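Chemist: Following this line is structure-v9.txt, made up of compact mmCIF, C-alpha atoms and all ligand atoms:
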# COMPACT_ATOMS: atom_id res chain seq x y z
CA MET X 24 -6.14 -26.93 -32.29
CA LYS X 25 -4.99 -26.21 -28.76
CA ASP X 26 -1.96 -24.19 -27.77
CA LYS X 27 -1.89 -25.07 -24.07
CA VAL X 28 -3.07 -27.85 -21.78
CA LEU X 29 -3.20 -27.40 -18.00
CA ARG X 30 -3.71 -30.31 -15.63
CA GLY X 31 -4.71 -29.72 -12.03
CA LEU X 32 -7.36 -29.84 -9.37
CA ALA X 33 -10.45 -27.68 -9.39
CA PRO X 34 -10.97 -25.95 -6.01
CA THR X 35 -13.50 -28.69 -5.24
CA GLY X 36 -10.66 -31.23 -5.51
CA GLU X 37 -11.57 -33.05 -8.72
CA GLY X 38 -8.90 -33.57 -11.37
CA ILE X 39 -9.33 -31.55 -14.57
CA GLU X 40 -7.48 -31.05 -17.81
CA ILE X 41 -8.08 -27.67 -19.42
CA SER X 42 -7.30 -27.00 -23.07
CA ILE X 43 -6.72 -23.44 -24.17
CA SER X 44 -6.63 -22.03 -27.65
CA GLN X 45 -6.15 -18.37 -28.56
CA GLY X 46 -6.75 -17.27 -24.99
CA VAL X 47 -10.03 -19.15 -24.57
CA ILE X 48 -10.85 -22.40 -22.75
CA THR X 49 -11.84 -24.88 -25.47
CA SER X 50 -12.38 -28.04 -23.44
CA ILE X 51 -12.38 -29.41 -19.90
CA GLU X 52 -11.88 -33.11 -19.28
CA LYS X 53 -12.09 -34.91 -15.97
CA ILE X 54 -8.87 -36.75 -15.08
CA GLU X 55 -7.66 -39.02 -12.29
CA ALA X 56 -6.54 -36.73 -9.46
CA ALA X 57 -4.29 -39.20 -7.67
CA GLY X 58 -0.82 -39.65 -9.16
CA ASP X 59 2.87 -39.69 -8.37
CA SER X 60 3.42 -35.95 -8.68
CA PRO X 61 0.83 -33.81 -6.88
CA LEU X 62 -1.24 -31.61 -9.16
CA PRO X 63 -1.62 -27.89 -8.46
CA PHE X 64 -5.03 -26.41 -7.83
CA ILE X 65 -6.46 -24.32 -10.66
CA ALA X 66 -8.87 -21.45 -10.05
CA PRO X 67 -10.15 -18.52 -12.10
CA GLY X 68 -7.95 -15.42 -11.77
CA PHE X 69 -8.71 -13.52 -8.58
CA ILE X 70 -10.65 -10.25 -8.75
CA ASP X 71 -9.92 -7.48 -6.23
CA ILE X 72 -12.46 -4.65 -6.24
CA GLN X 73 -10.49 -2.41 -3.88
CA VAL X 74 -6.78 -1.65 -4.35
CA ASN X 75 -5.15 1.69 -3.52
CA GLY X 76 -1.66 0.69 -4.54
CA PHE X 77 0.82 -2.16 -4.51
CA LYS X 78 4.55 -2.74 -4.34
CA GLY X 79 5.45 0.94 -4.17
CA PHE X 80 2.98 2.09 -6.83
CA ASP X 81 0.47 4.46 -5.27
CA LEU X 82 -2.82 5.56 -6.84
CA ASN X 83 -3.49 8.06 -4.05
CA GLY X 84 -0.21 9.90 -3.56
CA ALA X 85 0.36 13.65 -3.38
CA GLN X 86 0.50 13.71 -7.20
CA PRO X 87 -1.83 11.72 -9.48
CA PRO X 88 -0.13 8.52 -10.71
CA SER X 89 1.34 8.28 -14.21
CA PRO X 90 -0.23 5.78 -16.63
CA GLN X 91 3.00 3.74 -16.35
CA SER X 92 2.64 3.60 -12.59
CA VAL X 93 -0.95 2.32 -12.96
CA GLN X 94 0.28 -0.35 -15.39
CA GLN X 95 3.11 -1.39 -13.06
CA MET X 96 0.72 -1.65 -10.14
CA VAL X 97 -1.54 -3.97 -12.14
CA ARG X 98 1.41 -6.13 -13.27
CA SER X 99 2.82 -6.30 -9.76
CA LEU X 100 -0.48 -7.83 -8.59
CA TRP X 101 -0.28 -10.76 -11.04
CA PRO X 102 2.11 -12.83 -8.85
CA THR X 103 -0.56 -12.67 -6.11
CA GLY X 104 -3.09 -14.31 -8.45
CA VAL X 105 -5.08 -11.10 -9.01
CA GLY X 106 -5.93 -10.87 -12.70
CA LYS X 107 -8.63 -8.23 -12.46
CA VAL X 108 -8.51 -5.18 -10.23
CA CYS X 109 -10.60 -2.11 -9.54
CA PRO X 110 -8.08 0.70 -9.01
CA THR X 111 -9.46 2.61 -6.05
CA ILE X 112 -9.36 6.39 -5.79
CA ILE X 113 -10.01 7.83 -2.35
CA THR X 114 -11.30 11.24 -1.22
CA ASN X 115 -9.47 14.08 -2.92
CA SER X 116 -10.06 17.30 -4.87
CA GLU X 117 -12.06 17.01 -8.09
CA GLU X 118 -8.96 17.97 -10.09
CA HIS X 119 -6.86 15.22 -8.46
CA ILE X 120 -9.59 12.61 -8.97
CA ILE X 121 -9.99 13.57 -12.63
CA GLN X 122 -6.24 13.46 -13.32
CA THR X 123 -6.04 10.02 -11.68
CA LEU X 124 -8.95 8.77 -13.77
CA LYS X 125 -7.29 10.06 -16.94
CA SER X 126 -4.08 8.20 -16.04
CA ILE X 127 -6.04 4.98 -15.58
CA VAL X 128 -7.80 5.44 -18.92
CA LYS X 129 -4.48 6.11 -20.66
CA ALA X 130 -2.91 3.08 -18.96
CA CYS X 131 -5.69 0.97 -20.53
CA GLN X 132 -5.46 2.62 -23.96
CA GLU X 133 -1.72 1.98 -24.15
CA ASP X 134 -1.85 -1.71 -23.27
CA GLU X 135 -4.54 -4.25 -24.21
CA MET X 136 -3.57 -6.62 -21.37
CA ILE X 137 -3.84 -3.86 -18.76
CA LYS X 138 -7.21 -2.90 -20.22
CA ALA X 139 -8.43 -6.46 -19.75
CA CYS X 140 -7.24 -6.36 -16.13
CA ILE X 141 -9.21 -3.23 -15.19
CA PRO X 142 -12.95 -3.98 -15.48
CA ALA X 143 -13.90 -0.91 -13.43
CA VAL X 144 -12.64 1.88 -11.21
CA HIS X 145 -13.78 2.21 -7.60
CA LEU X 146 -14.33 5.72 -6.21
CA GLU X 147 -14.16 5.50 -2.40
CA GLY X 148 -15.19 8.98 -1.33
CA PRO X 149 -15.26 11.91 -1.28
CA PHE X 150 -19.00 11.68 -0.43
CA ILE X 151 -18.35 9.93 2.90
CA SER X 152 -18.89 10.80 6.56
CA PRO X 153 -17.02 13.88 7.76
CA GLU X 154 -16.87 12.46 11.31
CA ASP X 155 -13.61 11.33 12.87
CA GLY X 156 -13.67 7.56 13.01
CA PRO X 157 -15.98 6.69 10.10
CA ARG X 158 -13.92 9.00 7.86
CA GLY X 159 -10.81 6.90 8.54
CA VAL X 160 -7.71 8.46 7.00
CA HIS X 161 -9.58 10.23 4.19
CA PRO X 162 -8.63 13.96 4.30
CA ALA X 163 -11.38 15.87 6.16
CA GLU X 164 -10.98 19.02 4.05
CA GLN X 165 -11.96 17.14 0.87
CA VAL X 166 -15.02 15.32 2.24
CA ARG X 167 -18.21 16.71 0.68
CA PRO X 168 -21.88 15.86 0.06
CA PRO X 169 -22.89 13.79 -2.98
CA ASP X 170 -22.87 15.86 -6.17
CA TRP X 171 -24.28 14.19 -9.29
CA GLU X 172 -22.81 16.82 -11.64
CA GLU X 173 -19.36 16.17 -10.21
CA PHE X 174 -19.86 12.41 -10.63
CA LEU X 175 -20.76 12.97 -14.29
CA ARG X 176 -17.53 14.92 -14.79
CA TRP X 177 -15.55 12.05 -13.26
CA GLN X 178 -17.35 9.47 -15.37
CA ASP X 179 -16.68 11.57 -18.46
CA ALA X 180 -12.94 11.69 -17.64
CA ALA X 181 -13.04 7.94 -16.93
CA GLU X 182 -14.78 7.24 -20.27
CA GLY X 183 -17.44 5.33 -18.35
CA LEU X 184 -15.02 3.13 -16.41
CA ILE X 185 -16.25 4.00 -12.91
CA GLY X 186 -18.08 0.90 -11.69
CA ILE X 187 -18.31 1.32 -7.90
CA VAL X 188 -18.86 4.41 -5.75
CA THR X 189 -18.56 4.12 -1.97
CA LEU X 190 -20.42 6.86 -0.12
CA SER X 191 -22.22 7.52 3.14
CA PRO X 192 -26.02 7.72 3.04
CA GLU X 193 -25.97 10.20 5.94
CA TRP X 194 -25.86 13.14 3.51
CA PRO X 195 -29.03 14.87 2.34
CA GLY X 196 -29.62 13.86 -1.25
CA ALA X 197 -27.80 10.55 -0.83
CA THR X 198 -30.83 8.41 -1.75
CA ASP X 199 -31.32 10.32 -4.98
CA PHE X 200 -27.61 9.97 -5.79
CA ILE X 201 -27.70 6.21 -5.06
CA GLU X 202 -30.74 5.79 -7.31
CA ARG X 203 -28.97 7.55 -10.18
CA LEU X 204 -25.81 5.45 -9.70
CA ASP X 205 -27.89 2.29 -9.77
CA GLU X 206 -29.78 3.40 -12.89
CA SER X 207 -26.51 4.19 -14.66
CA GLY X 208 -25.15 0.70 -13.93
CA VAL X 209 -22.67 1.76 -11.23
CA VAL X 210 -22.61 -0.25 -7.97
CA PRO X 211 -23.60 2.05 -5.09
CA ALA X 212 -21.69 1.01 -1.95
CA ILE X 213 -22.08 2.13 1.65
CA GLY X 214 -18.88 2.81 3.54
CA HIS X 215 -17.09 5.23 5.85
CA THR X 216 -20.50 5.98 7.25
CA ALA X 217 -22.13 7.28 10.42
CA ALA X 218 -25.62 6.83 8.96
CA SER X 219 -28.69 6.17 11.10
CA PRO X 220 -30.67 2.92 10.81
CA LYS X 221 -33.29 4.74 8.70
CA GLN X 222 -30.65 6.20 6.38
CA ILE X 223 -29.14 2.73 5.85
CA HIS X 224 -32.60 1.33 5.16
CA ASP X 225 -33.40 4.13 2.67
CA ALA X 226 -30.05 3.66 0.93
CA VAL X 227 -30.78 -0.01 0.39
CA SER X 228 -34.29 0.78 -0.91
CA SER X 229 -32.66 3.22 -3.34
CA GLY X 230 -30.31 0.57 -4.73
CA ALA X 231 -27.23 0.34 -2.47
CA LYS X 232 -25.72 -3.10 -3.12
CA LEU X 233 -22.54 -3.38 -1.08
CA SER X 234 -21.10 -2.54 2.33
CA THR X 235 -17.50 -1.52 1.75
CA HIS X 236 -15.08 -3.15 4.25
CA LEU X 237 -17.90 -3.77 6.72
CA GLY X 238 -16.72 -3.34 10.31
CA ASN X 239 -13.91 -0.94 9.40
CA GLY X 240 -14.04 2.81 8.82
CA SER X 241 -16.27 3.23 11.87
CA HIS X 242 -16.34 4.74 15.34
CA LEU X 243 -14.22 3.02 18.01
CA LEU X 244 -17.29 2.82 20.27
CA LEU X 245 -20.89 2.28 19.17
CA HIS X 246 -24.28 1.81 20.78
CA ARG X 247 -24.67 -1.92 21.29
CA HIS X 248 -27.98 -2.17 19.41
CA GLU X 249 -28.57 0.98 17.38
CA ASN X 250 -25.62 1.10 15.04
CA TYR X 251 -24.87 1.04 11.34
CA ILE X 252 -23.03 -2.28 11.48
CA TRP X 253 -26.05 -4.31 12.63
CA ASP X 254 -28.26 -2.42 10.17
CA GLN X 255 -26.03 -3.22 7.23
CA LEU X 256 -25.53 -6.79 8.41
CA SER X 257 -29.26 -7.45 8.56
CA GLN X 258 -30.01 -6.16 5.05
CA ASP X 259 -30.09 -9.22 2.79
CA SER X 260 -29.79 -7.25 -0.43
CA LEU X 261 -26.56 -5.69 0.78
CA TRP X 262 -23.37 -7.65 0.08
CA ALA X 263 -20.29 -7.01 2.21
CA SER X 264 -16.65 -6.64 1.23
CA LEU X 265 -14.22 -7.70 3.95
CA ILE X 266 -10.50 -7.18 4.62
CA LEU X 267 -9.46 -10.58 5.94
CA ASP X 268 -5.86 -9.86 6.90
CA GLY X 269 -6.49 -10.89 10.50
CA HIS X 270 -5.69 -7.34 11.65
CA HIS X 271 -8.73 -5.34 10.48
CA LEU X 272 -11.33 -7.73 11.92
CA PRO X 273 -10.98 -10.29 14.72
CA PRO X 274 -11.77 -13.94 13.91
CA ALA X 275 -15.12 -13.97 15.78
CA ILE X 276 -16.41 -11.05 13.71
CA ILE X 277 -15.17 -12.59 10.45
CA LYS X 278 -17.06 -15.79 11.22
CA SER X 279 -20.19 -13.91 12.35
CA PHE X 280 -20.24 -11.65 9.27
CA ILE X 281 -19.78 -14.57 6.88
CA ARG X 282 -22.48 -16.60 8.65
CA ALA X 283 -24.91 -13.67 8.75
CA LYS X 284 -24.51 -12.71 5.08
CA GLY X 285 -23.83 -16.18 3.73
CA PRO X 286 -20.69 -16.69 1.62
CA GLU X 287 -22.70 -15.90 -1.53
CA ARG X 288 -22.89 -12.25 -0.40
CA ILE X 289 -19.26 -11.82 0.74
CA VAL X 290 -16.52 -10.30 -1.43
CA LEU X 291 -12.87 -10.46 -0.38
CA ILE X 292 -10.84 -7.30 -0.87
CA THR X 293 -7.26 -6.48 0.01
CA ASP X 294 -7.78 -2.68 0.21
CA ALA X 295 -4.00 -2.73 -0.23
CA MET X 296 -1.88 0.36 0.25
CA TRP X 297 1.31 0.92 -1.78
CA GLN X 298 3.42 -0.66 0.96
CA ALA X 299 1.72 -4.02 0.33
CA GLY X 300 4.03 -6.45 -1.44
CA LEU X 301 7.16 -4.66 -0.19
CA ALA X 302 9.61 -6.02 2.38
CA PRO X 303 8.82 -5.50 6.07
CA GLY X 304 10.28 -2.23 7.33
CA ARG X 305 9.55 1.46 7.85
CA TYR X 306 8.11 3.60 5.09
CA TYR X 307 7.36 7.31 4.88
CA THR X 308 3.97 8.42 3.67
CA GLY X 309 3.20 12.08 3.04
CA ARG X 310 2.51 12.82 6.68
CA THR X 311 3.57 9.92 8.87
CA GLN X 312 6.00 7.09 9.21
CA VAL X 313 4.46 3.63 9.01
CA GLU X 314 5.87 0.20 9.62
CA LEU X 315 5.10 -2.99 7.76
CA LEU X 316 5.61 -5.81 10.26
CA PRO X 317 6.62 -9.35 9.24
CA SER X 318 3.07 -10.42 10.23
CA GLY X 319 1.71 -8.25 7.40
CA ARG X 320 0.31 -5.68 9.83
CA LEU X 321 0.78 -2.10 8.61
CA GLU X 322 0.79 0.34 11.50
CA VAL X 323 1.62 3.93 12.36
CA VAL X 324 5.05 4.23 14.02
CA GLY X 325 4.57 5.43 17.60
CA GLY X 326 0.79 5.19 17.18
CA GLY X 327 0.21 2.56 19.86
CA GLY X 328 -0.63 -0.10 17.27
CA ILE X 329 -3.02 1.99 15.15
CA LEU X 330 -3.42 0.45 11.69
CA ALA X 331 -2.11 2.52 8.79
CA GLY X 332 -4.13 0.59 6.21
CA SER X 333 -3.86 -2.86 4.72
CA ALA X 334 -0.90 -4.72 3.23
CA LEU X 335 -2.94 -7.83 2.53
CA GLU X 336 -2.39 -10.07 -0.48
CA MET X 337 -5.34 -12.05 -1.81
CA PRO X 338 -3.98 -15.59 -1.14
CA VAL X 339 -3.72 -14.71 2.58
CA GLY X 340 -7.28 -13.37 2.56
CA ILE X 341 -8.50 -16.63 0.98
CA SER X 342 -6.63 -18.68 3.61
CA ASN X 343 -8.12 -16.57 6.39
CA ALA X 344 -11.62 -17.01 4.97
CA MET X 345 -11.16 -20.74 5.44
CA LYS X 346 -9.45 -20.45 8.82
CA PHE X 347 -11.69 -17.86 10.47
CA GLY X 348 -14.85 -18.20 8.39
CA ASP X 349 -14.99 -21.99 8.46
CA LEU X 350 -15.27 -22.21 4.67
CA SER X 351 -14.04 -24.86 2.24
CA LEU X 352 -11.30 -23.99 -0.27
CA SER X 353 -13.88 -23.86 -3.04
CA GLN X 354 -16.15 -21.50 -1.06
CA ALA X 355 -13.21 -19.27 -0.11
CA ILE X 356 -12.00 -19.05 -3.73
CA ASP X 357 -15.51 -17.98 -4.77
CA LEU X 358 -15.26 -14.95 -2.46
CA ALA X 359 -12.36 -13.71 -4.60
CA THR X 360 -13.70 -14.81 -8.00
CA ALA X 361 -17.39 -15.61 -8.54
CA GLN X 362 -18.77 -13.07 -6.05
CA PRO X 363 -16.84 -9.98 -7.19
CA ALA X 364 -17.53 -11.02 -10.79
CA LYS X 365 -21.25 -11.20 -10.14
CA LEU X 366 -21.21 -7.82 -8.41
CA LEU X 367 -19.52 -6.25 -11.45
CA GLY X 368 -21.52 -8.21 -14.04
CA LEU X 369 -18.50 -10.23 -15.21
CA SER X 370 -17.97 -13.92 -15.76
CA SER X 371 -15.49 -15.79 -13.61
CA ARG X 372 -15.50 -19.54 -13.91
CA ILE X 373 -13.56 -22.35 -15.48
CA GLY X 374 -15.82 -23.15 -18.40
CA VAL X 375 -15.67 -23.81 -22.12
CA GLY X 376 -15.75 -20.53 -24.04
CA GLU X 377 -14.47 -18.52 -21.07
CA THR X 378 -11.34 -16.37 -21.27
CA ALA X 379 -8.41 -18.36 -19.88
CA ASP X 380 -7.62 -16.19 -16.85
CA LEU X 381 -6.35 -18.89 -14.53
CA VAL X 382 -4.27 -19.26 -11.38
CA GLU X 383 -2.31 -22.38 -10.48
CA PHE X 384 -1.50 -22.67 -6.79
CA SER X 385 -0.37 -25.18 -4.21
CA TYR X 386 -2.19 -25.64 -0.94
CA THR X 387 -1.67 -28.49 1.48
CA GLY X 388 -4.02 -27.64 4.32
CA PRO X 389 -5.16 -25.03 6.84
CA ASP X 390 -1.76 -24.64 8.52
CA ASN X 391 0.02 -23.89 5.25
CA PRO X 392 -0.21 -20.85 2.98
CA ILE X 393 -1.64 -20.75 -0.51
CA ILE X 394 1.36 -20.43 -2.84
CA ILE X 395 0.75 -19.02 -6.30
CA GLU X 396 2.63 -21.12 -8.85
CA LYS X 397 1.57 -19.76 -12.22
CA VAL X 398 -0.81 -17.10 -13.51
CA TYR X 399 -2.35 -17.07 -16.99
CA LEU X 400 -4.23 -14.13 -18.46
CA LYS X 401 -5.98 -14.63 -21.81
CA GLY X 402 -4.08 -17.93 -21.92
CA GLU X 403 -0.71 -16.20 -21.71
CA LYS X 404 1.58 -17.11 -18.81
CA VAL X 405 2.24 -13.80 -17.02
CA PHE X 406 3.80 -15.25 -13.86
CA SER X 407 5.68 -18.36 -12.87
CA ARG X 408 7.19 -18.89 -9.41
CA GLU X 409 10.23 -20.64 -10.88
ZN ZN A 501 -11.93 2.66 3.22
Show me this structure written as structure tokens.
Ligand SMILES: [Zn+2]

Modeler:
Amino acid sequence: MKDKVLRGLAPTGEGIEISISQGVITSIEKIEAAGDSPLPFIAPGFIDIQVNGFKGFDLNGAQPPSPQSVQQMVRSLWPTGVGKVCPTIITNSEEHIIQTLKSIVKACQEDEMIKACIPAVHLEGPFISPEDGPRGVHPAEQVRPPDWEEFLRWQDAAEGLIGIVTLSPEWPGATDFIERLDESGVVPAIGHTAASPKQIHDAVSSGAKLSTHLGNGSHLLLHRHENYIWDQLSQDSLWASLILDGHHLPPAIIKSFIRAKGPERIVLITDAMWQAGLAPGRYYTGRTQVELLPSGRLEVVGGGGILAGSALEMPVGISNAMKFGDLSLSQAIDLATAQPAKLLGLSSRIGVGETADLVEFSYTGPDNPIIIEKVYLKGEKVFSRE
């Protein structure tokens, strides 16, 4: 018995017919791709391991978010094809972090679908570099050295849901902290760092697995040879997450990073702020006024073009991976599905027995955008463009 049949093209271009029953893929048949009406592409639901907010819902505002706000943020991502998301909590006081974690846990407890959409929480900070530049916009007064006891209190509040911690290995005790994260099954990530080559090397030996938004959250000027970007780039056991909005990294760096790591070690992230998904215009944050431009660039008003964060949506990131990284559609889709899944120990493929988290989209070539047509989670249609 099947309750749904989807016909489309796999990202590789071959025609497929997918049968779904009770939220699970029960069969996949090859079909003739050429026909009178063009078939949509079908991919696994996208996975975004770094999201600070979306469409007005902010995880990192002055007050911790309500569980409803967490749920609405997750739902508002569905039309962008993102079916799984790691809500990302940035540097803040322990109390604020714990309240935010509790809201996320409650959001999951109240709604089974939301629970399925949040495989892990990402803690970005507060154990990052205190230096201006690498620290980015994280509040300096809350930056502090790694503290395992504090992490355990977070993880307790999160009921074990923390899956990624981004920190800087420049702190004393960082290697020990990274080792403990790794042993406890949490992905240790390097980011917002001013670490020395040796500290990067030691972090990797201790179990660091990911460079968070490599090339961003750094000094404006660096020594041409001795710097933490080359050191992270050259470490084969370190994957890299990239913000491919075309504003955070120039095309030549995108191509070089993807070539150096190989697409199998690249994870696309949006790192979206709450202004992402809203109409272009000016928005007030706690301290500054920012403007979302029609190009998708989010910048500080009167800041001479300084970025105020990312307003990227995943389909644009996938397009840019093809355009700037010289990847095929299938390779680019993997950066937002298979790779983040592997990093988090999840499954993300179109296969018999897999949960039917699927995205239908149209795409007609490099000069045209990826348009999300329909999104299915556990076989249930949660978005349709019509
Ligand atoms: Zn960051």

Chemist: Find the residue from X:Gly186, X:Gly368, X:Gly285, X:Gly240 that sits nearest to ligand ZN 501 (chain A); use all atoms listed in the file when measuring.

Modeler: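 Once distances to ligand ZN 501 (chain A) are computed over all atoms listed in the file, the minimum belongs to X:Gly240.
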
Chemist: So, counting only C-alpha atoms, which residue among X:Ser371, X:Asn343, X:Ser44, X:Gln94 is closest to Lys27 in chain X?

Modeler: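 Of X:Ser371, X:Asn343, X:Ser44, X:Gln94, the one nearest Lys27 in chain X is X:Ser44, counting only C-alpha atoms.
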
Chemist: With 5 Å of padding per side, what axis-aligned box (centre and edge lengths, Å, one decimal) covers all the listed atoms of range 26-39 of chain X? Give it as lines of an AutoDock Vina configuration file.

Modeler:
center_x = -7.7
center_y = -28.9
center_z = -16.5
size_x = 21.6
size_y = 19.4
size_z = 32.5

Chemist: What is the CA of Ala379 in chain X-CA of Pro61 in chain X distance in Å, reported with one decimal?

Modeler: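 A separation of 22.2 Å between them.
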
Chemist: What is the CA of Phe384 in chain X to CA of Ile65 in chain X distance in Å?

Modeler: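 Spanning CA of Phe384 in chain X to CA of Ile65 in chain X is a straight-line distance of 6.5 Å.
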
Chemist: Return as a list in words every polymer residue, whether protein, DNA or RNA, with at least one atom no more than 10 Å from an atom of ligand ZN 501 (chain A); count all atoms listed in the file.

Modeler: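 Checked against 10 Å with all atoms listed in the file; the hits are Gln73, Asn75, Thr111, Ile113, Thr114, Glu147, Gly148, Ile151, Pro157, Arg158, Gly159, Val160, His161, Thr189, Gly214, His215, Thr235, His236, Leu237, Asn239, Gly240, Ser241, Asp294, Gly332 and Ser333 of chain X.
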
Chemist: Only C-alpha atoms, please: the residues just picked out, written as a JSON list (two decimals), keeping the file's coordinate frame.

Modeler:
[["chain", "number", "residue", "atom", "x", "y", "z"],
["X", 73, "GLN", "CA", -10.49, -2.41, -3.88],
["X", 75, "ASN", "CA", -5.15, 1.69, -3.52],
["X", 111, "THR", "CA", -9.46, 2.61, -6.05],
["X", 113, "ILE", "CA", -10.01, 7.83, -2.35],
["X", 114, "THR", "CA", -11.30, 11.24, -1.22],
["X", 147, "GLU", "CA", -14.16, 5.50, -2.40],
["X", 148, "GLY", "CA", -15.19, 8.98, -1.33],
["X", 151, "ILE", "CA", -18.35, 9.93, 2.90],
["X", 157, "PRO", "CA", -15.98, 6.69, 10.10],
["X", 158, "ARG", "CA", -13.92, 9.00, 7.86],
["X", 159, "GLY", "CA", -10.81, 6.90, 8.54],
["X", 160, "VAL", "CA", -7.71, 8.46, 7.00],
["X", 161, "HIS", "CA", -9.58, 10.23, 4.19],
["X", 189, "THR", "CA", -18.56, 4.12, -1.97],
["X", 214, "GLY", "CA", -18.88, 2.81, 3.54],
["X", 215, "HIS", "CA", -17.09, 5.23, 5.85],
["X", 235, "THR", "CA", -17.50, -1.52, 1.75],
["X", 236, "HIS", "CA", -15.08, -3.15, 4.25],
["X", 237, "LEU", "CA", -17.90, -3.77, 6.72],
["X", 239, "ASN", "CA", -13.91, -0.94, 9.40],
["X", 240, "GLY", "CA", -14.04, 2.81, 8.82],
["X", 241, "SER", "CA", -16.27, 3.23, 11.87],
["X", 294, "ASP", "CA", -7.78, -2.68, 0.21],
["X", 332, "GLY", "CA", -4.13, 0.59, 6.21],
["X", 333, "SER", "CA", -3.86, -2.86, 4.72]]

Chemist: What's the 12 Å shell around Asn250 in chain X, counting only C-alpha atoms, without same-chain residues fewer than 3 positions away, as a list in words?

Modeler: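 Contacts, in chain order: Thr216, Ala217, Ala218, Ser219, Pro220, Lys221, Gln222, Ile223, Gly238, Ser241, His242, Leu243, Leu244, Leu245, His246, Arg247, Trp253, Asp254, Gln255, Leu256 and Ser257 of chain X.
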
Chemist: List the neighbours of Ser116 in chain X out to 9 Å using only C-alpha atoms; skip same-chain residues closer than 2 positions along the sequence, and give me the result as a PyMOL selection string.

Modeler: chain X and resi 114+118-121+149+165-166

Chemist: List the neighbours of Ser342 in chain X out to 9 Å using all atoms listed in the file; skip same-chain residues closer than 2 positions along the sequence, and give me the result as a list in words.

Modeler: Leu267, Met337, Pro338, Val339, Gly340, Ala344, Met345, Lys346, Phe347, Leu352, Ala355, Pro389, Asn391, Pro392 and Ile393 of chain X

Chemist: Would you mind listing what lies within 12 Å of Ile394 in chain X as JSON, numbers by chain, with only C-alpha atoms counted and same-chain residues fewer than 3 positions away left out?

Modeler: {"X": [63, 64, 65, 102, 103, 104, 336, 337, 338, 339, 341, 342, 382, 383, 384, 385, 386, 387, 388, 391, 397, 398, 407, 408, 409]}

Chemist: Could you list, as a list of chain:residue names, every residue within 9 Å of Ala56 in chain X, counting only C-alpha atoms and ignoring same-chain residues fewer than 6 positions away?

Modeler: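 My list of contacting residues is X:Gly31, X:Leu32, X:Gly36, X:Glu37, X:Gly38, X:Ile39, X:Leu62.
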
Chemist: So, with all atoms listed in the file as the atoms that count, which of X:Pro90, X:Pro142, X:Gly79, X:Pro363 lies closest to Val108 in chain X?

Modeler: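 The shortest atom-to-atom distance to Val108 in chain X comes from X:Pro142.
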
Chemist: Suppose you want the space between CA of Asp390 in chain X and CA of Leu321 in chain X; what is it in Å?

Modeler: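 Interatomic distance here is 22.7 Å.
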
Chemist: Measuring between only C-alpha atoms, which one of X:Ile266, X:Ile70, X:Leu291, X:Ile51 shows the shortest distance to Ala143 in chain X?

Modeler: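 The closest residue to Ala143 in chain X is X:Ile70.
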
Chemist: For Gly208 in chain X, which residue out of X:Cys109, X:Ile187, X:Ile48, X:Ala226 is the nearest one, using only C-alpha atoms?

Modeler: X:Ile187
